[in-house]
Protein chains: 2
Amino acid sequence: MRREGDTKQKLFNTAVELIWENSYGSISVDDICSRAGVNKGSFYYAFKSKSDLAVAAFENHWNKKRPVLDEIFSSQVPPLERMKKYCDRVVQDQLEKYQKAGKVCGCPFCSIGSELSTQDEPIRKKAHELSERSMKYLASTLREAIAEGAVEAKDPMELAREVFCYISGLLMQAKIENNPEILKCLKKGVFRILGAKPLAALS
Amino acid sequence: MRREGDTKQKLFNTAVELIWENSYGSISVDDICSRAGVNKGSFYYAFKSKSDLAVAAFENHWNKKRPVLDEIFSSQVPPLERMKKYCDRVVQDQLEKYQKAGKVCGCPFCSIGSELSTQDEPIRKKAHELSERSMKYLASTLREAIAEGAVEAKDPMELAREVFCYISGLLMQAKIENNPEILKCLKKGVFRILGAKPLAALS
DNA sequence: CTTGCAATATACTAACCAGTCAACTAAGTT
DNA sequence: AACTTAGTTGACTGGTTAGTATATTGCAAG
């Protein structure tokens with residue numbers, strides 16, 4: 001015994017997987033426990049509620065994604081190149097999940113945020129916090145793109161929100177249509193929002 | 001007695017209201033029945049399942065919205081004017097719901113679609129169908145705008161999807177932030193997607 | 001080698017869930 | 001007035017829910 005870290009991590013992974021592929025409301029603590037191979041007692045020893053686990057699990061999931069984002073949005077890369085890479089990566093992640101789960105699952109953070117924001121304040125706050133972190137990457141990238149004259153806009157944060165809303169809306173729509181094909185126009189749409197100029201930069 | 005129509009309509013209204021303000025998974029058939037003042041037996045006389053009610057209720061909700069959309073998207077109005085009116089109306093509806101419910105509730109169709117698309121196929125299909133109906137209004141409007149030279153684009157349907165994804169993503173984000181303020185830039189963002197030209201058309 | 005405690009295990013509860021059912025009511029028909 | 005039947009009623013069922021209580025395990029320090 002004496003392996004709490006392991007237990008928590010298993011619960012994190014299982015919770016994100018099950019909630020992402022199904023929904024928070026449709027999976028039970030028992031489902032999570034049995035799938036993770038953890039007993040209920042250990043669950044409630046590690047977390048005080050189902051909602052608590054969800055908040056921690058999504059924070060953990062974001063932290064695992066962070067190194068990838070740090071690399072994509074590295075200042076070493078020209079800003080529009082970062083945007084391209086980010087778009088490609090989002091689509092790639094979606095397609096991988098599609099193959100594993102057999103259906104389009106959308107953005108896990110947005111899905112749980114959309115489901116629970118009106119009902120569970122800690123979950124809403126976490127979902128909000130995580131989307132703001134994503135938007136920060138976009139905003140600083142777009143600030144540079146604007147400074148370089150590659151993109152025309154006044155407020156980089158506002159533009160970042162537009163891009164972010166478009167991307168999350170597209171992922172949601174792909175989920176609702178259960179059609180990965182429509183993800184293909186993600187990059188094109190993003191560059192349309194950024195203005196006509198960088199369209200030529202599309203590989 | 002002998003008033004099934006009334007019973008169904010009460011269940012439609014209550015179901016949409018409760019699901020919109022909370023979520024499908026968190027409200028029970030008993031909740032819907034007691035709020036609607038309908039007995040459980042009558043519920044199951046009228047609908048064969050909770051999921052069945054949801055599909056019918058959202059179809060009904062869309063049909064009640066349809067005359068408003070038909071007017072907004074009337075061919076009598078110049079295409080970019082239609083887009084402006086539509087944006088204003090979306091924001092107005094959101095603000096009204098915000099005042100009634102005390103929180104930002106987002107798009108009801110997208111919310112239930114996002115929650116259940118991976119789990120309940122009839123609900124996914126209905127959500128898909130309803131978003132395609134909305135996109136048709138946008139696509140035919142944008143086709144005219146392109147023909148007039150007011151907007152530069154090749155495929156009106158593709159552009160309509162971009163606009164629709166942006167709008168639904170913004171409504172979702174407003175829900176996750178529980179902040180109606182961010183709805184204010186909806187129109188600006190839509191016109192940015194449509195290209196710089198019609199920006200001057202903003203009132 | 002024993003004592004203390006972090007962590008695991010499992011049985012349990014009380015509330016709630018979607019859905020069923022047989023009795024009942026009233027309007028329409030003859 | 002007797003019959004038919006669409007629609008209503010609310011008690012009921014069997015299963016599930018989140019969360020708890022209590023017992024047990026095994027490591028580590030003294």
# chains A, B, ... in the order shown; residues from 1 in each chain; ligands from 1

$ select_by_dssp --residues "chain B" --states "alpha helix (DSSP H)" --output "ChimeraX atom specification"
/B:4-21,29-36,40-46,50-72,79-101,108-116,121-148,156-177,186-194

$ interface_residues --of "chain D" --to "chain B" --cutoff "8 Å" --atoms "only C-alpha atoms (C1' of nucleotides)" --output "PDB file with C-alpha atoms (C1' of nucleotides), in the first residue's frame"
ATOM      1  C1'  DA D   6     -58.639   9.250 -24.508  1.00  0.00           C
ATOM      2  C1'  DG D   7     -56.504  11.023 -20.889  1.00  0.00           C
ATOM      3  C1'  DT D   8     -55.278  11.422 -15.695  1.00  0.00           C
ATOM      4  C1'  DT D   9     -53.791   9.981 -11.223  1.00  0.00           C
ATOM      5  C1'  DG D  10     -50.402   8.661  -7.792  1.00  0.00           C
TER       6       DG D  10
END

$ interface_residues --of "chain B" --to "chain A" --cutoff "8 Å" --atoms "only C-alpha atoms" --output "PyMOL selection string"
chain B and resi 21-23+25-26+103-105+110-119+124-125+127-128+162+164-170+172-173+175-178+189+192-193+195-196

$ atom_distance --atom1 "atom CA of Phe12 of chain A" --atom2 "atom CA of Ala57 of chain A"
4.4 Å

$ interface_residues --of "chain C" --to "chain B" --cutoff "8 Å" --atoms "only C-alpha atoms (C1' of nucleotides)" --output "VMD selection string"
chain C and resid 17 to 18 25 to 27

$ write_last_selection --atoms "N, CA and C atoms (P, O5', C5', C4', C3', O3' and C1' of nucleotides)" --output "mmCIF file, in the first residue's frame"
data_model
loop_
_atom_site.group_PDB
_atom_site.id
_atom_site.type_symbol
_atom_site.label_atom_id
_atom_site.label_comp_id
_atom_site.auth_asym_id
_atom_site.auth_seq_id
_atom_site.Cartn_x
_atom_site.Cartn_y
_atom_site.Cartn_z
ATOM 1 P P DC C 17 -33.950 12.719 -8.579
ATOM 2 O "O5'" DC C 17 -33.878 11.596 -9.693
ATOM 3 C "C5'" DC C 17 -32.628 10.956 -9.983
ATOM 4 C "C4'" DC C 17 -32.894 9.659 -10.712
ATOM 5 C "C3'" DC C 17 -34.145 9.674 -11.573
ATOM 6 O "O3'" DC C 17 -33.819 10.277 -12.832
ATOM 7 C "C1'" DC C 17 -33.934 7.600 -10.402
ATOM 8 P P DA C 18 -34.929 10.709 -13.844
ATOM 9 O "O5'" DA C 18 -35.258 9.332 -14.598
ATOM 10 C "C5'" DA C 18 -34.225 8.641 -15.265
ATOM 11 C "C4'" DA C 18 -34.765 7.315 -15.755
ATOM 12 C "C3'" DA C 18 -35.896 7.423 -16.763
ATOM 13 O "O3'" DA C 18 -35.732 6.379 -17.711
ATOM 14 C "C1'" DA C 18 -36.681 6.296 -14.825
ATOM 15 P P DT C 25 -63.006 8.700 -9.730
ATOM 16 O "O5'" DT C 25 -62.924 9.679 -10.982
ATOM 17 C "C5'" DT C 25 -61.758 10.467 -11.206
ATOM 18 C "C4'" DT C 25 -61.906 11.150 -12.554
ATOM 19 C "C3'" DT C 25 -63.320 11.647 -12.844
ATOM 20 O "O3'" DT C 25 -63.205 12.982 -13.278
ATOM 21 C "C1'" DT C 25 -62.515 10.374 -14.665
ATOM 22 P P DA C 26 -64.382 13.998 -13.057
ATOM 23 O "O5'" DA C 26 -64.745 14.306 -14.580
ATOM 24 C "C5'" DA C 26 -63.718 14.857 -15.405
ATOM 25 C "C4'" DA C 26 -64.005 14.528 -16.845
ATOM 26 C "C3'" DA C 26 -65.408 14.937 -17.343
ATOM 27 O "O3'" DA C 26 -65.253 15.492 -18.615
ATOM 28 C "C1'" DA C 26 -65.005 12.740 -17.918
ATOM 29 P P DA C 27 -65.965 16.904 -18.884
ATOM 30 O "O5'" DA C 27 -65.985 16.929 -20.479
ATOM 31 C "C5'" DA C 27 -64.767 16.683 -21.175
ATOM 32 C "C4'" DA C 27 -65.017 15.753 -22.343
ATOM 33 C "C3'" DA C 27 -66.257 16.102 -23.174
ATOM 34 O "O3'" DA C 27 -65.866 16.166 -24.540
ATOM 35 C "C1'" DA C 27 -66.252 13.810 -22.635
#

$ calpha_fit_and_write --fixed "chain B" --moving "chain A" --output "short mmCIF file (atom, residue, chain, number, x, y, z; two decimals) with C-alpha atoms, in the first residue's frame"
data_model
loop_
_atom_site.label_atom_id
_atom_site.label_comp_id
_atom_site.auth_asym_id
_atom_site.auth_seq_id
_atom_site.Cartn_x
_atom_site.Cartn_y
_atom_site.Cartn_z
CA MET A 1 -59.91 16.50 -18.81
CA ARG A 2 -59.26 15.77 -22.48
CA ARG A 3 -56.50 18.31 -22.76
CA GLU A 4 -53.45 16.47 -24.00
CA GLY A 5 -52.26 19.35 -26.13
CA ASP A 6 -52.03 21.52 -23.08
CA THR A 7 -50.13 18.87 -21.12
CA LYS A 8 -47.59 18.36 -23.88
CA GLN A 9 -47.04 22.08 -24.26
CA LYS A 10 -46.52 22.55 -20.53
CA LEU A 11 -43.99 19.72 -20.54
CA PHE A 12 -42.23 21.23 -23.58
CA ASN A 13 -41.89 24.63 -21.95
CA THR A 14 -40.80 23.29 -18.58
CA ALA A 15 -38.32 20.83 -20.08
CA VAL A 16 -36.60 23.46 -22.22
CA GLU A 17 -36.50 25.90 -19.33
CA LEU A 18 -35.06 23.43 -16.83
CA ILE A 19 -32.58 21.84 -19.21
CA TRP A 20 -31.44 25.24 -20.46
CA GLU A 21 -30.91 26.67 -16.98
CA ASN A 22 -29.40 23.48 -15.56
CA SER A 23 -28.60 20.42 -17.66
CA TYR A 24 -30.28 17.30 -18.98
CA GLY A 25 -28.41 15.06 -16.56
CA SER A 26 -29.19 17.07 -13.46
CA ILE A 27 -32.94 17.35 -13.82
CA SER A 28 -35.28 14.44 -13.30
CA VAL A 29 -38.58 13.48 -14.86
CA ASP A 30 -40.11 14.18 -11.44
CA ASP A 31 -38.62 17.69 -11.47
CA ILE A 32 -40.14 18.37 -14.89
CA CYS A 33 -43.51 16.92 -13.90
CA SER A 34 -43.85 18.74 -10.61
CA ARG A 35 -42.73 22.05 -12.11
CA ALA A 36 -45.12 21.62 -15.03
CA GLY A 37 -47.97 20.56 -12.74
CA VAL A 38 -48.35 17.29 -14.62
CA ASN A 39 -48.53 13.81 -13.16
CA LYS A 40 -46.00 11.17 -13.98
CA GLY A 41 -48.64 8.98 -15.58
CA SER A 42 -49.54 11.76 -17.99
CA PHE A 43 -45.88 12.24 -18.78
CA TYR A 44 -45.40 8.64 -19.82
CA TYR A 45 -48.72 8.66 -21.61
CA ALA A 46 -47.51 11.56 -23.74
CA PHE A 47 -43.83 10.56 -24.18
CA LYS A 48 -42.16 7.22 -24.08
CA SER A 49 -39.02 8.45 -22.33
CA LYS A 50 -37.19 11.46 -20.93
CA SER A 51 -35.01 11.53 -24.04
CA ASP A 52 -38.11 11.49 -26.25
CA LEU A 53 -39.49 14.52 -24.46
CA ALA A 54 -36.21 16.37 -24.86
CA VAL A 55 -36.14 15.80 -28.61
CA ALA A 56 -39.75 16.92 -29.01
CA ALA A 57 -39.34 19.88 -26.65
CA PHE A 58 -36.34 21.28 -28.53
CA GLU A 59 -38.06 20.82 -31.87
CA ASN A 60 -41.03 22.71 -30.41
CA HIS A 61 -38.77 25.44 -29.06
CA TRP A 62 -37.19 25.92 -32.47
CA ASN A 63 -40.60 26.12 -34.13
CA LYS A 64 -41.60 28.88 -31.75
CA LYS A 65 -38.44 30.81 -32.69
CA ARG A 66 -38.88 30.27 -36.41
CA PRO A 67 -41.19 33.21 -37.21
CA VAL A 68 -38.68 35.60 -35.65
CA LEU A 69 -35.88 34.13 -37.76
CA ASP A 70 -38.02 34.24 -40.90
CA GLU A 71 -38.55 37.92 -40.32
CA ILE A 72 -34.92 38.71 -39.53
CA PHE A 73 -33.72 36.84 -42.61
CA SER A 74 -36.41 38.19 -44.90
CA SER A 75 -35.26 38.76 -48.46
CA GLN A 76 -36.78 42.22 -48.22
CA VAL A 77 -33.81 43.26 -46.08
CA PRO A 78 -30.27 43.78 -47.48
CA PRO A 79 -28.06 40.80 -46.54
CA LEU A 80 -25.63 42.58 -44.23
CA GLU A 81 -28.55 44.24 -42.50
CA ARG A 82 -29.95 40.77 -41.84
CA MET A 83 -26.68 39.74 -40.28
CA LYS A 84 -26.70 42.77 -38.02
CA LYS A 85 -30.25 42.14 -36.93
CA TYR A 86 -29.54 38.50 -36.25
CA CYS A 87 -26.53 39.35 -34.10
CA ASP A 88 -28.54 41.88 -32.14
CA ARG A 89 -31.35 39.43 -31.62
CA VAL A 90 -29.03 36.67 -30.36
CA VAL A 91 -27.53 39.05 -27.83
CA GLN A 92 -30.95 40.37 -26.82
CA ASP A 93 -32.29 36.85 -26.21
CA GLN A 94 -29.25 35.99 -24.13
CA LEU A 95 -29.64 39.11 -21.99
CA GLU A 96 -33.34 38.40 -21.45
CA LYS A 97 -32.57 34.86 -20.34
CA TYR A 98 -29.79 36.22 -18.13
CA GLN A 99 -32.23 38.50 -16.34
CA LYS A 100 -34.80 35.75 -15.86
CA ALA A 101 -32.41 33.03 -14.75
CA GLY A 102 -29.80 35.18 -12.99
CA LYS A 103 -27.00 33.55 -14.95
CA VAL A 104 -25.74 33.25 -18.52
CA CYS A 105 -27.35 30.12 -19.97
CA GLY A 106 -25.83 29.99 -23.46
CA CYS A 107 -27.50 28.47 -26.50
CA PRO A 108 -30.04 25.83 -25.40
CA PHE A 109 -29.59 23.71 -28.53
CA CYS A 110 -25.82 23.72 -28.33
CA SER A 111 -25.83 23.06 -24.60
CA ILE A 112 -27.90 19.90 -24.82
CA GLY A 113 -26.08 18.90 -27.99
CA SER A 114 -22.71 19.32 -26.34
CA GLU A 115 -23.81 17.40 -23.25
CA LEU A 116 -25.41 14.41 -24.96
CA SER A 117 -24.06 14.04 -28.49
CA THR A 118 -21.74 11.19 -27.55
CA GLN A 119 -24.43 9.34 -25.60
CA ASP A 120 -27.90 9.79 -27.02
CA GLU A 121 -28.14 9.47 -30.78
CA PRO A 122 -31.69 10.86 -31.26
CA ILE A 123 -30.77 13.95 -29.26
CA ARG A 124 -27.53 14.36 -31.21
CA LYS A 125 -29.42 14.10 -34.49
CA LYS A 126 -31.97 16.68 -33.41
CA ALA A 127 -29.29 19.10 -32.22
CA HIS A 128 -27.46 18.61 -35.51
CA GLU A 129 -30.64 19.17 -37.50
CA LEU A 130 -31.45 22.38 -35.64
CA SER A 131 -27.97 23.85 -36.06
CA GLU A 132 -28.13 23.07 -39.78
CA ARG A 133 -31.41 24.96 -40.00
CA SER A 134 -29.75 28.02 -38.47
CA MET A 135 -26.80 27.70 -40.79
CA LYS A 136 -29.15 27.65 -43.79
CA TYR A 137 -30.42 31.13 -42.92
CA LEU A 138 -26.84 32.33 -42.67
CA ALA A 139 -25.72 30.59 -45.85
CA SER A 140 -28.45 32.00 -48.05
CA THR A 141 -27.87 35.47 -46.62
CA LEU A 142 -24.14 35.24 -47.22
CA ARG A 143 -24.66 33.89 -50.73
CA GLU A 144 -26.49 37.11 -51.53
CA ALA A 145 -23.88 39.22 -49.79
CA ILE A 146 -21.18 37.56 -51.88
CA ALA A 147 -23.19 38.04 -55.08
CA GLU A 148 -23.58 41.73 -54.24
CA GLY A 149 -19.84 42.00 -53.66
CA ALA A 150 -20.39 43.03 -50.06
CA VAL A 151 -18.45 40.04 -48.79
CA GLU A 152 -15.52 38.24 -50.37
CA ALA A 153 -15.67 34.47 -50.14
CA LYS A 154 -15.95 31.40 -52.32
CA ASP A 155 -18.25 29.03 -50.44
CA PRO A 156 -21.20 30.64 -48.62
CA MET A 157 -21.97 27.45 -46.67
CA GLU A 158 -18.41 27.26 -45.39
CA LEU A 159 -18.53 30.91 -44.37
CA ALA A 160 -21.90 30.36 -42.69
CA ARG A 161 -20.42 27.53 -40.64
CA GLU A 162 -17.53 29.77 -39.59
CA VAL A 163 -19.94 32.46 -38.44
CA PHE A 164 -22.18 29.94 -36.71
CA CYS A 165 -19.28 28.27 -34.90
CA TYR A 166 -18.00 31.63 -33.75
CA ILE A 167 -21.41 32.65 -32.40
CA SER A 168 -22.08 29.37 -30.63
CA GLY A 169 -18.55 29.35 -29.25
CA LEU A 170 -19.01 32.87 -27.92
CA LEU A 171 -22.31 31.96 -26.24
CA MET A 172 -20.63 28.96 -24.64
CA GLN A 173 -17.76 31.11 -23.44
CA ALA A 174 -20.17 33.67 -21.99
CA LYS A 175 -21.82 30.81 -20.09
CA ILE A 176 -18.49 29.48 -18.83
CA GLU A 177 -17.42 32.95 -17.73
CA ASN A 178 -20.97 33.66 -16.54
CA ASN A 179 -20.41 37.12 -17.95
CA PRO A 180 -22.94 38.75 -20.31
CA GLU A 181 -20.48 41.55 -21.07
CA ILE A 182 -18.52 39.48 -23.53
CA LEU A 183 -21.62 39.11 -25.71
CA LYS A 184 -21.19 42.73 -26.66
CA CYS A 185 -18.45 41.91 -29.14
CA LEU A 186 -20.52 39.29 -30.95
CA LYS A 187 -21.46 41.51 -33.87
CA LYS A 188 -17.96 42.91 -34.20
CA GLY A 189 -16.51 39.42 -34.34
CA VAL A 190 -19.02 38.25 -36.91
CA PHE A 191 -18.23 41.18 -39.18
CA ARG A 192 -14.54 40.56 -38.75
CA ILE A 193 -15.10 37.03 -40.06
CA LEU A 194 -17.06 38.43 -42.99
CA GLY A 195 -14.08 40.61 -43.88
CA ALA A 196 -13.00 44.19 -43.30
CA LYS A 197 -15.26 45.74 -45.90
CA PRO A 198 -18.59 45.67 -44.12
CA LEU A 199 -17.14 46.85 -40.81
CA ALA A 200 -18.15 50.39 -41.72
CA ALA A 201 -21.73 49.17 -41.97
CA LEU A 202 -21.85 48.71 -38.20
CA SER A 203 -24.37 51.13 -36.80
#

$ residues_around --residues "DT30 of chain C" --least-positions-apart "3" --cutoff "12 Å" --atoms "only C-alpha atoms (C1' of nucleotides)" --output "NGL selection string"
:D and (1-4)

$ atom_distance --atom1 "atom C1' of DG19 of chain D" --atom2 "atom C1' of DT20 of chain C"
29.0 Å

$ residues_around --residues "DG30 of chain D" --least-positions-apart "2" --cutoff "10 Å" --atoms "only C-alpha atoms (C1' of nucleotides)" --output "list in words"
DT2 and DT3 of chain C; DA28 of chain D

$ write_last_selection --atoms "C-alpha atoms (C1' of nucleotides)" --output "PDB file, in the first residue's frame"
ATOM      1  C1'  DT C   2       5.198  -2.823  18.522  1.00  0.00           C
ATOM      2  C1'  DT C   3       2.782   1.195  18.074  1.00  0.00           C
TER       3       DT C   3
ATOM      4  C1'  DA D  28       7.997   3.554   9.166  1.00  0.00           C
TER       5       DA D  28
END
